[in-house]
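Shown next: model35.txt, containing compact mmCIF, C-alpha atoms and all ligand atoms.
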# COMPACT_ATOMS: atom_id res chain seq x y z
CA MET W 101 -31.10 3.91 -12.27
CA GLN W 102 -28.97 6.82 -11.10
CA ASN W 103 -26.07 4.73 -9.83
CA LEU W 104 -25.77 2.23 -12.69
CA SER W 105 -27.28 4.24 -15.57
CA VAL W 106 -29.64 1.41 -16.55
CA ASP W 107 -33.33 1.61 -17.24
CA LEU W 108 -35.24 -1.41 -15.93
CA SER W 109 -38.91 -2.12 -15.47
CA VAL W 110 -40.14 -3.33 -12.10
CA ASN W 111 -40.78 -6.79 -13.59
CA GLN W 112 -37.25 -7.00 -14.91
CA VAL W 113 -35.94 -6.20 -11.46
CA TYR W 114 -38.10 -8.94 -9.89
CA ARG W 115 -36.97 -11.48 -12.50
CA SER W 116 -33.29 -10.68 -12.00
CA LYS W 117 -33.69 -10.86 -8.23
CA ARG W 118 -35.22 -14.32 -8.59
CA LYS W 119 -32.38 -15.43 -10.90
CA ALA W 120 -29.77 -14.13 -8.49
CA LYS W 121 -31.46 -16.02 -5.62
CA ASP W 122 -31.60 -19.17 -7.74
CA LEU W 123 -27.86 -18.84 -8.36
CA ILE W 124 -27.17 -18.60 -4.64
CA ASN W 125 -29.62 -21.16 -3.25
CA GLY W 126 -30.38 -23.30 -6.28
CA ASP W 127 -33.47 -23.35 -8.50
CA GLU W 128 -36.74 -23.32 -6.53
CA GLN W 129 -38.54 -25.56 -8.99
CA LEU W 130 -35.74 -28.04 -9.68
CA GLN W 131 -35.11 -28.66 -5.99
CA TYR W 132 -38.44 -30.45 -5.65
CA GLY W 133 -36.96 -33.19 -7.86
CA VAL W 134 -34.31 -34.33 -5.38
CA PRO W 135 -36.10 -35.14 -2.07
CA ARG W 136 -36.08 -38.86 -2.89
CA ASP W 137 -32.28 -38.94 -3.20
CA TYR W 138 -32.03 -36.65 -0.18
CA ALA W 139 -34.25 -38.92 1.92
CA GLN W 140 -32.21 -41.95 0.96
CA MET W 141 -28.95 -40.19 1.84
CA ILE W 142 -30.24 -39.14 5.28
CA THR W 143 -31.40 -42.66 6.18
CA THR W 144 -28.09 -44.11 4.97
CA VAL W 145 -25.89 -41.68 6.90
CA ASP W 146 -28.08 -41.37 10.01
CA LYS W 147 -29.28 -44.80 11.13
CA GLY W 148 -32.55 -44.58 13.00
CA SER W 149 -33.73 -41.43 11.24
CA ARG W 150 -37.10 -41.27 9.51
CA VAL W 151 -37.90 -39.43 6.28
CA ILE W 152 -41.26 -39.80 4.56
CA LEU W 153 -42.01 -38.27 1.18
CA GLN W 154 -45.57 -37.99 -0.06
CA THR W 155 -46.34 -37.21 -3.69
CA GLU W 156 -49.64 -36.71 -5.47
CA MET W 157 -50.93 -37.17 -9.00
CA THR W 158 -52.82 -34.32 -10.61
CA GLU W 159 -54.70 -34.05 -13.89
CA GLU W 160 -52.19 -31.60 -15.36
CA THR W 161 -49.28 -34.05 -15.75
CA SER W 162 -48.61 -37.77 -15.65
CA GLN W 163 -45.66 -37.27 -13.29
CA PRO W 164 -46.10 -37.21 -9.49
CA LYS W 165 -45.93 -33.86 -7.76
CA PHE W 166 -44.27 -33.16 -4.41
CA LYS W 167 -46.84 -32.89 -1.62
CA ARG W 168 -45.43 -33.41 1.86
CA MET W 169 -42.20 -34.43 3.55
CA TYR W 170 -41.56 -35.57 7.12
CA VAL W 171 -38.01 -35.38 8.49
CA ARG W 172 -36.78 -36.62 11.87
CA PHE W 173 -33.16 -37.41 12.74
CA ASN W 174 -32.10 -40.17 15.11
CA ALA W 175 -30.55 -37.75 17.62
CA GLN W 176 -33.94 -36.02 17.96
CA ASN W 177 -35.78 -39.22 18.83
CA VAL W 178 -33.09 -40.44 21.22
CA GLY W 179 -32.92 -37.04 22.93
CA PHE W 180 -36.66 -36.58 23.32
CA LEU W 181 -37.31 -40.05 24.69
CA GLY W 182 -34.05 -39.99 26.66
CA GLY W 183 -34.97 -37.21 29.03
CA CYS W 184 -37.23 -34.43 27.74
CA ARG W 185 -40.43 -33.74 29.62
CA PRO W 186 -43.52 -35.23 27.91
CA PHE W 187 -44.49 -31.78 26.68
CA ILE W 188 -44.76 -30.86 23.01
CA GLY W 189 -45.53 -27.54 21.32
CA LEU W 190 -47.26 -27.75 17.93
CA ASP W 191 -47.35 -24.98 15.37
CA GLY W 192 -47.09 -24.11 11.69
CA CYS W 193 -44.78 -21.61 9.99
CA HIS W 194 -45.10 -20.17 6.46
CA ILE W 195 -42.52 -20.87 3.77
CA LYS W 196 -41.91 -17.68 1.85
CA HIS W 197 -41.29 -18.61 -1.76
CA ARG W 198 -43.19 -19.04 -5.01
CA PHE W 199 -44.55 -22.52 -4.19
CA GLY W 200 -45.60 -21.58 -0.67
CA GLY W 201 -46.33 -24.30 1.83
CA GLN W 202 -45.83 -24.50 5.54
CA ILE W 203 -43.62 -26.20 8.09
CA LEU W 204 -45.41 -28.10 10.83
CA SER W 205 -43.24 -28.76 13.84
CA ALA W 206 -43.25 -30.59 17.16
CA THR W 207 -40.93 -28.98 19.70
CA ALA W 208 -40.14 -30.14 23.22
CA LYS W 209 -38.43 -28.47 26.18
CA ASP W 210 -35.13 -29.69 27.57
CA GLU W 211 -34.18 -29.75 31.27
CA ASN W 212 -32.54 -26.36 31.08
CA ASP W 213 -35.77 -24.78 29.75
CA ASN W 214 -34.43 -24.50 26.20
CA ILE W 215 -36.24 -25.83 23.17
CA PHE W 216 -35.55 -29.28 21.77
CA PRO W 217 -36.83 -29.73 18.18
CA VAL W 218 -38.36 -33.21 17.88
CA THR W 219 -39.59 -33.38 14.31
CA LEU W 220 -40.88 -31.32 11.39
CA ALA W 221 -42.73 -31.70 8.12
CA VAL W 222 -43.11 -29.63 4.98
CA VAL W 223 -46.78 -29.58 3.98
CA GLU W 224 -48.88 -27.80 1.37
CA GLN W 225 -50.89 -25.86 3.96
CA GLU W 226 -51.79 -25.95 7.63
CA THR W 227 -55.13 -27.78 7.36
CA ARG W 228 -56.98 -30.48 9.26
CA GLU W 229 -55.76 -33.08 6.74
CA SER W 230 -52.11 -32.05 6.96
CA TRP W 231 -52.21 -32.08 10.78
CA ILE W 232 -53.76 -35.55 10.77
CA TRP W 233 -51.06 -36.73 8.38
CA PHE W 234 -48.31 -35.20 10.53
CA LEU W 235 -49.61 -36.40 13.91
CA GLU W 236 -50.33 -39.92 12.70
CA ILE W 237 -46.74 -40.25 11.52
CA PHE W 238 -45.57 -38.65 14.79
CA ALA W 239 -47.48 -41.28 16.82
CA ASP W 240 -46.12 -44.08 14.68
CA ASP W 241 -42.58 -42.72 14.69
CA ILE W 242 -42.01 -41.36 18.22
CA GLY W 243 -44.68 -43.34 20.08
CA ARG W 244 -48.38 -43.16 20.94
CA PRO W 245 -48.92 -39.92 22.93
CA GLU W 246 -51.36 -41.71 25.27
CA GLU W 247 -48.72 -44.26 26.21
CA PHE W 248 -46.13 -41.82 27.45
CA GLN W 249 -48.75 -39.38 28.77
CA LEU W 250 -47.78 -36.60 26.44
CA VAL W 251 -49.19 -33.09 26.87
CA PHE W 252 -49.62 -30.87 23.82
CA ILE W 253 -49.66 -27.09 23.74
CA SER W 254 -50.76 -25.09 20.71
CA ASP W 255 -52.75 -22.07 19.59
CA ARG W 256 -56.45 -22.40 20.25
CA GLN W 257 -57.35 -23.10 16.63
CA LYS W 258 -60.41 -25.15 15.83
CA GLY W 259 -58.84 -27.43 13.20
CA LEU W 260 -56.00 -28.65 15.38
CA ILE W 261 -58.23 -29.04 18.46
CA LEU W 262 -60.59 -31.35 16.56
CA VAL W 263 -57.69 -33.33 15.11
CA ILE W 264 -56.14 -33.99 18.54
CA GLU W 265 -59.55 -34.88 20.02
CA ARG W 266 -60.11 -37.35 17.21
CA LEU W 267 -56.66 -38.94 17.09
CA PHE W 268 -55.75 -38.94 20.79
CA PRO W 269 -58.94 -38.40 22.82
CA THR W 270 -57.32 -38.97 26.22
CA VAL W 271 -54.29 -36.76 25.66
CA GLU W 272 -54.05 -33.42 27.47
CA HIS W 273 -54.07 -30.41 25.18
CA LYS W 274 -53.29 -26.96 26.53
CA TYR W 275 -53.95 -23.72 24.69
CA CYS W 276 -51.41 -20.92 24.50
CA VAL W 277 -52.72 -18.17 26.81
CA LYS W 278 -51.12 -15.47 24.66
CA HIS W 279 -53.24 -16.69 21.74
CA ILE W 280 -56.37 -16.84 23.93
CA TYR W 281 -55.72 -13.28 25.06
CA ASN W 282 -55.19 -12.04 21.48
CA ASN W 283 -58.67 -13.26 20.57
CA PHE W 284 -60.17 -12.12 23.87
CA LYS W 285 -58.92 -8.53 23.50
CA ILE W 286 -60.78 -8.05 20.20
CA ASP W 287 -64.06 -7.73 22.13
CA TYR W 288 -62.88 -7.11 25.68
CA LYS W 289 -60.39 -4.30 25.85
CA GLY W 290 -58.57 -2.66 28.72
CA LEU W 291 -55.58 -3.24 30.93
CA GLU W 292 -57.71 -4.32 33.88
CA LEU W 293 -59.27 -7.23 31.96
CA LYS W 294 -55.88 -8.17 30.53
CA ASP W 295 -54.28 -8.39 33.96
CA ALA W 296 -57.27 -10.28 35.34
CA LEU W 297 -57.09 -12.85 32.52
CA TRP W 298 -53.40 -13.47 33.13
CA ARG W 299 -54.01 -13.74 36.88
CA CYS W 300 -56.65 -16.43 36.20
CA ALA W 301 -54.19 -18.32 34.01
CA ALA W 302 -51.35 -18.07 36.53
CA ALA W 303 -53.45 -19.05 39.57
CA THR W 304 -52.10 -22.34 40.94
CA THR W 305 -55.02 -23.30 43.19
CA VAL W 306 -58.68 -23.74 42.29
CA ARG W 307 -59.84 -21.29 44.98
CA GLU W 308 -57.53 -18.59 43.70
CA PHE W 309 -58.71 -19.24 40.13
CA GLU W 310 -62.35 -18.90 41.19
CA ARG W 311 -61.61 -15.63 42.97
CA CYS W 312 -59.88 -14.23 39.85
CA MET W 313 -62.79 -15.34 37.65
CA GLN W 314 -65.27 -13.66 39.99
CA TYR W 315 -63.23 -10.47 39.67
CA ILE W 316 -63.61 -10.64 35.86
CA ARG W 317 -67.34 -11.26 36.28
CA ASP W 318 -67.65 -8.10 38.34
CA LEU W 319 -65.80 -6.16 35.65
CA ASP W 320 -67.61 -7.56 32.59
CA GLU W 321 -70.20 -10.34 32.56
CA LYS W 322 -69.70 -11.06 28.82
CA ALA W 323 -65.92 -11.40 29.19
CA TYR W 324 -66.53 -13.84 32.03
CA GLU W 325 -68.88 -15.92 29.86
CA TYR W 326 -66.31 -15.94 27.06
CA LEU W 327 -63.70 -17.42 29.39
CA THR W 328 -66.04 -19.99 30.94
CA ASN W 329 -66.43 -21.47 27.46
CA ILE W 330 -62.79 -22.59 27.57
CA ALA W 331 -62.19 -25.61 29.79
CA PRO W 332 -59.99 -24.52 32.76
CA ALA W 333 -57.74 -27.58 32.31
CA GLN W 334 -56.67 -26.07 29.01
CA TRP W 335 -55.43 -22.70 30.14
CA THR W 336 -55.01 -22.26 33.90
CA ARG W 337 -52.32 -23.69 36.17
CA SER W 338 -54.94 -24.37 38.86
CA HIS W 339 -56.36 -27.20 36.74
CA PHE W 340 -53.13 -28.49 35.16
CA THR W 341 -51.99 -31.98 36.11
CA PRO W 342 -48.33 -32.55 37.07
CA ARG W 343 -47.90 -34.85 34.03
CA ALA W 344 -45.82 -32.50 31.92
CA LEU W 345 -43.72 -31.22 34.84
CA THR W 346 -44.09 -27.65 33.67
CA ASP W 347 -46.52 -24.86 34.45
CA CYS W 348 -45.87 -23.25 31.06
CA LEU W 349 -48.83 -21.12 29.89
CA VAL W 350 -47.66 -20.05 26.44
CA ASN W 351 -46.41 -21.97 23.46
CA ASN W 352 -43.01 -20.31 23.46
CA LEU W 353 -41.49 -23.63 22.36
CA SER W 354 -42.92 -23.36 18.85
CA GLU W 355 -42.39 -19.62 18.84
CA SER W 356 -38.67 -20.07 19.53
CA PHE W 357 -38.40 -22.87 16.99
CA ASN W 358 -40.06 -20.73 14.30
CA ALA W 359 -37.69 -17.89 15.14
CA MET W 360 -34.76 -20.31 14.87
CA ILE W 361 -35.68 -21.46 11.36
CA LEU W 362 -36.97 -18.10 10.13
CA LYS W 363 -33.83 -17.28 8.16
CA SER W 364 -34.28 -20.37 5.99
CA MET W 365 -37.93 -19.78 5.15
CA ASP W 366 -37.29 -17.97 1.84
CA LYS W 367 -34.88 -20.61 0.52
CA PRO W 368 -35.86 -23.34 -1.96
CA ILE W 369 -36.97 -26.56 -0.26
CA LEU W 370 -33.68 -28.45 -0.29
CA ALA W 371 -31.58 -25.44 0.73
CA MET W 372 -34.10 -24.81 3.52
CA LEU W 373 -34.01 -28.38 4.87
CA GLU W 374 -30.23 -28.39 4.65
CA TRP W 375 -30.00 -25.11 6.50
CA ILE W 376 -32.19 -26.51 9.31
CA ARG W 377 -30.16 -29.75 9.44
CA VAL W 378 -26.86 -27.89 9.81
CA ARG W 379 -28.44 -25.65 12.45
CA LEU W 380 -29.49 -28.75 14.38
CA ILE W 381 -26.00 -30.26 14.18
CA THR W 382 -24.52 -27.06 15.62
CA ARG W 383 -27.19 -26.80 18.31
CA LEU W 384 -26.76 -30.36 19.55
CA TYR W 385 -22.98 -30.02 19.48
CA THR W 386 -22.80 -26.76 21.46
CA LYS W 387 -25.26 -28.01 24.08
CA ARG W 388 -23.29 -31.25 24.50
CA GLU W 389 -19.95 -29.44 24.80
CA GLY W 390 -21.42 -26.80 27.13
CA ILE W 391 -22.80 -29.21 29.70
CA GLN W 392 -19.58 -31.21 29.85
CA LYS W 393 -17.75 -28.17 31.17
CA TYR W 394 -20.46 -27.51 33.74
CA ALA W 395 -19.83 -28.83 37.25
CA GLY W 396 -23.15 -28.32 39.08
CA LYS W 397 -25.65 -31.00 40.01
CA LEU W 398 -28.70 -29.25 38.55
CA CYS W 399 -28.96 -27.65 35.11
CA PRO W 400 -27.75 -24.01 35.19
CA SER W 401 -31.07 -22.21 34.61
CA ILE W 402 -32.86 -24.47 37.12
CA GLN W 403 -30.13 -23.72 39.68
CA ASP W 404 -30.66 -19.98 39.06
CA ARG W 405 -34.40 -20.39 39.61
CA LEU W 406 -33.75 -22.27 42.83
CA GLU W 407 -31.36 -19.56 44.06
CA LYS W 408 -34.04 -16.89 43.56
CA LEU W 409 -36.59 -19.04 45.40
CA LYS W 410 -34.12 -19.54 48.25
CA VAL W 411 -34.00 -15.76 48.71
CA GLU W 412 -37.81 -15.50 48.59
CA SER W 413 -38.15 -18.31 51.13
CA LYS W 414 -36.54 -16.13 53.80
CA ALA W 415 -39.87 -14.39 54.35
CA PHE W 416 -41.44 -17.62 55.65
CA SER W 417 -41.16 -19.72 58.76
CA ALA W 418 -41.97 -23.42 59.12
CA THR W 419 -43.74 -25.17 61.96
CA PRO W 420 -43.14 -28.93 62.12
CA ALA W 421 -46.39 -30.87 62.57
CA GLY W 422 -45.22 -34.44 62.02
CA SER W 423 -42.19 -36.09 60.54
CA PHE W 424 -41.54 -34.33 57.24
CA LEU W 425 -44.86 -32.47 57.51
CA TYR W 426 -44.79 -28.70 57.91
CA GLU W 427 -47.03 -25.70 58.08
CA VAL W 428 -45.23 -22.86 56.34
CA GLY W 429 -46.44 -19.31 56.59
CA SER W 430 -45.77 -15.61 56.61
CA GLN W 431 -47.88 -12.66 57.58
CA TYR W 432 -50.02 -13.00 54.44
CA GLU W 433 -50.28 -16.68 53.51
CA ARG W 434 -49.99 -20.17 54.92
CA HIS W 435 -49.32 -23.50 53.22
CA VAL W 436 -48.97 -27.20 53.99
CA VAL W 437 -45.71 -28.81 52.88
CA ASP W 438 -45.24 -32.58 52.76
CA LEU W 439 -41.60 -33.46 52.19
CA VAL W 440 -42.32 -37.18 51.66
CA LYS W 441 -44.94 -36.65 48.97
CA LYS W 442 -42.97 -33.63 47.68
CA THR W 443 -46.03 -31.41 47.61
CA CYS W 444 -47.05 -27.95 48.78
CA SER W 445 -50.65 -26.75 48.97
CA CYS W 446 -49.71 -23.86 46.62
CA ARG W 447 -49.23 -26.63 43.97
CA SER W 448 -46.17 -25.01 42.42
CA TRP W 449 -43.87 -27.83 43.57
CA ASP W 450 -46.27 -30.48 42.25
CA LEU W 451 -46.48 -28.80 38.84
CA ASN W 452 -42.79 -28.08 38.24
CA GLY W 453 -40.88 -30.62 40.27
CA ILE W 454 -38.85 -27.75 41.74
CA PRO W 455 -39.43 -26.97 45.46
CA CYS W 456 -41.41 -23.73 45.88
CA LYS W 457 -40.39 -21.01 48.34
CA HIS W 458 -42.60 -22.58 51.06
CA ALA W 459 -41.07 -26.01 50.53
CA ILE W 460 -37.56 -24.56 50.68
CA THR W 461 -38.31 -23.08 54.12
CA ALA W 462 -39.49 -26.51 55.29
CA ILE W 463 -36.46 -28.25 53.76
CA TYR W 464 -34.06 -25.88 55.53
CA THR W 465 -35.91 -26.34 58.82
CA ASN W 466 -35.46 -30.09 58.29
CA ILE W 467 -31.69 -29.38 57.88
CA GLU W 468 -31.55 -30.58 54.27
CA THR W 469 -30.80 -28.99 50.88
CA PRO W 470 -33.44 -28.04 48.25
CA GLU W 471 -31.28 -29.54 45.47
CA ASP W 472 -31.91 -33.01 46.92
CA TYR W 473 -35.65 -32.47 46.65
CA THR W 474 -35.59 -31.31 43.02
CA HIS W 475 -36.96 -33.78 40.45
CA PRO W 476 -34.24 -35.97 38.82
CA TYR W 477 -35.40 -34.55 35.47
CA TYR W 478 -33.32 -31.47 36.21
CA PHE W 479 -30.09 -33.29 36.99
CA LYS W 480 -27.06 -32.76 34.79
CA GLU W 481 -27.01 -36.52 34.01
CA THR W 482 -30.53 -36.41 32.54
CA TYR W 483 -29.57 -33.40 30.44
CA MET W 484 -26.52 -35.24 29.10
CA GLU W 485 -28.79 -38.12 28.06
CA ILE W 486 -30.75 -35.74 25.83
CA TYR W 487 -27.72 -34.50 23.96
CA LYS W 488 -25.61 -37.67 23.96
CA GLU W 489 -26.46 -38.70 20.38
CA VAL W 490 -24.47 -37.08 17.56
CA LEU W 491 -26.29 -35.88 14.45
CA PRO W 492 -23.85 -37.20 11.81
CA PRO W 493 -22.47 -34.89 9.11
CA MET W 494 -23.53 -35.61 5.54
CA PRO W 495 -21.72 -35.23 2.18
CA GLY W 496 -22.96 -32.77 -0.48
CA GLN W 497 -25.51 -33.35 -3.20
CA SER W 498 -22.92 -34.50 -5.77
CA GLU W 499 -22.22 -37.56 -3.56
CA TRP W 500 -25.83 -38.68 -3.15
CA ALA W 501 -26.82 -41.93 -4.80
CA GLU W 502 -29.75 -41.65 -7.21
CA THR W 503 -32.77 -43.72 -6.30
CA GLY W 504 -33.75 -44.18 -9.95
CA GLN W 505 -37.39 -43.51 -9.13
CA PRO W 506 -39.20 -40.72 -11.00
CA ALA W 507 -38.31 -37.32 -9.58
CA PRO W 508 -41.34 -35.43 -8.26
CA LEU W 509 -42.34 -32.16 -9.87
CA ALA W 510 -42.79 -28.91 -8.00
CA PRO W 511 -45.96 -28.95 -5.87
CA HIS W 512 -49.37 -27.76 -6.83
CA ILE W 513 -49.81 -24.20 -5.54
CA TYR W 514 -52.70 -24.17 -3.09
CA LYS W 515 -54.79 -21.10 -2.54
CA PRO W 516 -55.06 -20.06 1.11
CA PRO W 517 -58.44 -20.83 2.71
CA GLY W 518 -60.99 -18.04 2.99
CA ARG W 519 -62.33 -15.50 0.54
CA PRO W 520 -59.88 -14.59 -2.24
CA PRO W 521 -58.74 -10.95 -2.22
CA LYS W 522 -60.66 -8.59 -4.52
CA GLN W 523 -58.61 -8.45 -7.71
CA ARG W 524 -60.55 -5.99 -9.82
CA LYS W 525 -59.55 -2.38 -9.58
CA ARG W 526 -61.94 0.45 -10.26
CA ALA W 527 -61.28 2.36 -13.48
CA PHE W 528 -60.20 5.95 -12.97
CA ASN W 529 -63.51 7.35 -14.24
CA GLU W 530 -65.76 4.65 -12.74
CA PRO W 531 -68.08 6.01 -10.06
CA ARG W 532 -67.74 4.69 -6.53
CA ASN W 533 -71.41 3.72 -6.44
CA PRO W 534 -72.83 2.99 -9.99
CA TYR W 535 -76.47 3.09 -8.81
CA LYS W 536 -76.03 6.55 -7.44
CA ALA W 537 -74.44 7.80 -10.69
CA SER W 538 -77.17 6.38 -12.97
CA ARG W 539 -79.91 8.21 -11.11
ZN ZN W 601 -45.64 -23.68 47.98
Write out the structure in this file as structure tokens.
Ligand SMILES: [Zn+2]
Amino acid sequence: MQNLSVDLSVNQVYRSKRKAKDLINGDEQLQYGVPRDYAQMITTVDKGSRVILQTEMTEETSQPKFKRMYVRFNAQNVGFLGGCRPFIGLDGCHIKHRFGGQILSATAKDENDNIFPVTLAVVEQETRESWIWFLEIFADDIGRPEEFQLVFISDRQKGLILVIERLFPTVEHKYCVKHIYNNFKIDYKGLELKDALWRCAAATTVREFERCMQYIRDLDEKAYEYLTNIAPAQWTRSHFTPRALTDCLVNNLSESFNAMILKSMDKPILAMLEWIRVRLITRLYTKREGIQKYAGKLCPSIQDRLEKLKVESKAFSATPAGSFLYEVGSQYERHVVDLVKKTCSCRSWDLNGIPCKHAITAIYTNIETPEDYTHPYYFKETYMEIYKEVLPPMPGQSEWAETGQPAPLAPHIYKPPGRPPKQRKRAFNEPRNPYKASR
């Protein structure tokens, strides 16, 4: 008011802000009318991509309304099946505009420990139904999770757990330990319990896990009972199988993906999807260019990890017991390393496919190099397989062919689950407790 000498109401300011945003990003409501043309353009330009649009009929109008949209580009499918570990993070992320909705995403991890977005969908809300819809398309599109022994990681939320149990009963499903801890700390506070919980999660052998759990039991019996209600295979390394080739305890895949797309979350649907598409093009391109200049055998961050382990391995000495069989120990611990089976009794090698510090000692004693014992997943060639496919550029909206089918209307606005917030405000002269006042 002072700077421009205008007098505006708060509502006027909100309305002008919305108009200005519409001018920049396009109209929020109108953009729900174009997904059909958009889907057709993607599948024409990018052969092998998959876009599914779901509409719904409501009593209010005779025209279909936008409900859900699944988008997966060819380069994502090729990359994931070409060399990513069978490990997928699942999560939802809120869209911040008038019509709301959420993005459900499946994110994998590449060989260099970076995220690799596999697919996403715009849905009305994160519910059991929308997860079933998303995961059924995922299984049909990418492949049955049971067949390629996929491992899922997600927050420990009831809806999603039941959905995965119902759709893919034999598939491994890990819970994000950060999420478990956030719920745990509501009732069981203190740094000691926090550290103990994380030690339980990080324990790689069953004995160590049991010792850590006993420690929690001595601290707080109730906290111990709380944790025994979660199956160990879902949150501690000691019970993980080597299927996913990662000992990852938290769903930082989805967290990083949500952070990556965060800037687009307040844009209208089409502008948002376009922003994500362009971001993916850039990401795939820079990764592809980057690795071509790299000369090492292993991916850079894996090589760094190995270098650190090589330093740590100096504290150990190996005693040969048979051909390729070693007992590796220091003052404080002792482990059995089998170079043929590529295992160590600390289980770290089995879980990650990267020789642990004990194994490295044995490998050096055997006059060999740790790089040769690292899983082929981490080789530069495998990494190049992931990023070999180009996500093709696409012309602007004015060039899209019209499908001729009825354009969907903006979606029905769903209320979030749970009790609605209390709307009514107390009048200025209304007593806080009416019963008290009437007496
Ligand atoms: Zn070891």
>> Neighbours of ligand ZN 601 (chain W) at 8 Å or closer, counting only C-alpha atoms and all ligand atoms: which residues, as a PyMOL selection string?
In response: chain W and resi 435-437+443-449+455-459
Produce a table with one row for each residue of region 174-288 of chain W that has an atom at most 12 Å from any atom of region 354-376 of chain W, each row naming the nearest atom pair and its distance in Å at one decimal; use only C-alpha atoms; arrange rows by chain and rising residue number; format as a tab-separated table.
residue	atom	partner	partner_atom	distance
W:Phe187	CA	W:Ser354	CA	11.6
W:Ile188	CA	W:Ser354	CA	8.8
W:Gly189	CA	W:Ser354	CA	5.5
W:Leu190	CA	W:Ser354	CA	6.2
W:Asp191	CA	W:Ser354	CA	5.9
W:Gly192	CA	W:Asn358	CA	8.2
W:Cys193	CA	W:Asn358	CA	6.5
W:His194	CA	W:Met365	CA	7.3
W:Ile195	CA	W:Met365	CA	4.9
W:Lys196	CA	W:Asp366	CA	4.6
W:His197	CA	W:Asp366	CA	5.4
W:Arg198	CA	W:Pro368	CA	9.0
W:Phe199	CA	W:Pro368	CA	9.0
W:Gly200	CA	W:Asp366	CA	9.4
W:Gly201	CA	W:Ile369	CA	9.9
W:Gln202	CA	W:Met365	CA	9.2
W:Ile203	CA	W:Asn358	CA	9.0
W:Leu204	CA	W:Ser354	CA	9.6
W:Ser205	CA	W:Ser354	CA	7.4
W:Ala206	CA	W:Ser354	CA	7.4
W:Thr207	CA	W:Ser354	CA	6.0
W:Ala208	CA	W:Ser354	CA	8.5
W:Lys209	CA	W:Ser354	CA	10.0
W:Asp213	CA	W:Ser356	CA	11.6
W:Asn214	CA	W:Ser356	CA	9.1
W:Ile215	CA	W:Phe357	CA	7.2
W:Phe216	CA	W:Phe357	CA	8.5
W:Pro217	CA	W:Phe357	CA	7.1
W:Val218	CA	W:Phe357	CA	10.4
W:Thr219	CA	W:Phe357	CA	10.9
W:Leu220	CA	W:Leu373	CA	9.9
W:Ala221	CA	W:Leu373	CA	9.9
W:Val222	CA	W:Ile369	CA	8.6
W:Val223	CA	W:Ile369	CA	11.1
W:Phe252	CA	W:Ser354	CA	11.2
W:Ile253	CA	W:Ser354	CA	9.1
W:Ser254	CA	W:Ser354	CA	8.2
W:Asp255	CA	W:Ser354	CA	9.9
W:Cys276	CA	W:Ser354	CA	10.5
W:Lys278	CA	W:Glu355	CA	11.3
W:His279	CA	W:Glu355	CA	11.6
>> If we draw a sphere of 10 Å around (-31.5, -40.1, -0.1), which residues have at least one atom in it when counting all atoms listed in the file? Please report them as a ChimeraX atom specification.
In response: /W:134-145,151,497,500-503
> Quick one: distance from CA of Tyr275 (chain W) to CA of Asn452 (chain W) in Å, one decimal?
Replying inline: 18.1 Å
> Just how far from CA of Ala302 (chain W) is CA of Leu345 (chain W), in Å to one decimal?
Replying inline: 15.3 Å
>> Using all atoms listed in the file for the distances, tell me which of W:Glu471, W:Glu485, W:Asp347, W:Asp450 is nearest to Leu406 (chain W).
In response: W:Glu471
> When you draw a straight line from CA of Thr482 (chain W) to CA of Ile391 (chain W), how long is it in Å?
Replying inline: 10.9 Å
> Which one of W:Arg150, W:Lys274, W:Arg405, W:Lys397 sits closest to Gln334 (chain W) if you count all atoms listed in the file?
Replying inline: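 Of all the options, W:Lys274 lies closest to Gln334 (chain W).
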> Which one of W:Phe166, W:Phe340, W:Tyr477, W:Phe248 sits closest to Ala303 (chain W) if you count only C-alpha atoms?
Replying inline: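 Between W:Phe166, W:Phe340, W:Tyr477, W:Phe248, the residue approaching Ala303 (chain W) most closely is W:Phe340.
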>> For a cutoff of 10 Å around the file-coordinate point (-37.1, -25.6, 59.6), which residues qualify once you count all atoms listed in the file? I'd like the result as a PyMOL selection string.
In response: chain W and resi 416-420+426+428+459-468
> Near Glu229 (chain W), within 12 Å and counting only C-alpha atoms, which residues show up once chain neighbours fewer than 2 positions away are dropped, as JSON, numbers by chain?
Replying inline: {"W": [168, 223, 224, 225, 226, 227, 231, 232, 233, 234, 235, 236, 259, 260, 262, 263, 264, 267]}
Write the selection just made, keeping C-alpha atoms, as an mmCIF file, keeping the file's coordinate frame?
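And here is the file that came out, selection_33.cif:
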data_model
loop_
_atom_site.group_PDB
_atom_site.id
_atom_site.type_symbol
_atom_site.label_atom_id
_atom_site.label_comp_id
_atom_site.auth_asym_id
_atom_site.auth_seq_id
_atom_site.Cartn_x
_atom_site.Cartn_y
_atom_site.Cartn_z
ATOM 1 C CA ARG W 168 -45.430 -33.410 1.860
ATOM 2 C CA VAL W 223 -46.780 -29.580 3.980
ATOM 3 C CA GLU W 224 -48.880 -27.800 1.370
ATOM 4 C CA GLN W 225 -50.890 -25.860 3.960
ATOM 5 C CA GLU W 226 -51.790 -25.950 7.630
ATOM 6 C CA THR W 227 -55.130 -27.780 7.360
ATOM 7 C CA TRP W 231 -52.210 -32.080 10.780
ATOM 8 C CA ILE W 232 -53.760 -35.550 10.770
ATOM 9 C CA TRP W 233 -51.060 -36.730 8.380
ATOM 10 C CA PHE W 234 -48.310 -35.200 10.530
ATOM 11 C CA LEU W 235 -49.610 -36.400 13.910
ATOM 12 C CA GLU W 236 -50.330 -39.920 12.700
ATOM 13 C CA GLY W 259 -58.840 -27.430 13.200
ATOM 14 C CA LEU W 260 -56.000 -28.650 15.380
ATOM 15 C CA LEU W 262 -60.590 -31.350 16.560
ATOM 16 C CA VAL W 263 -57.690 -33.330 15.110
ATOM 17 C CA ILE W 264 -56.140 -33.990 18.540
ATOM 18 C CA LEU W 267 -56.660 -38.940 17.090
#
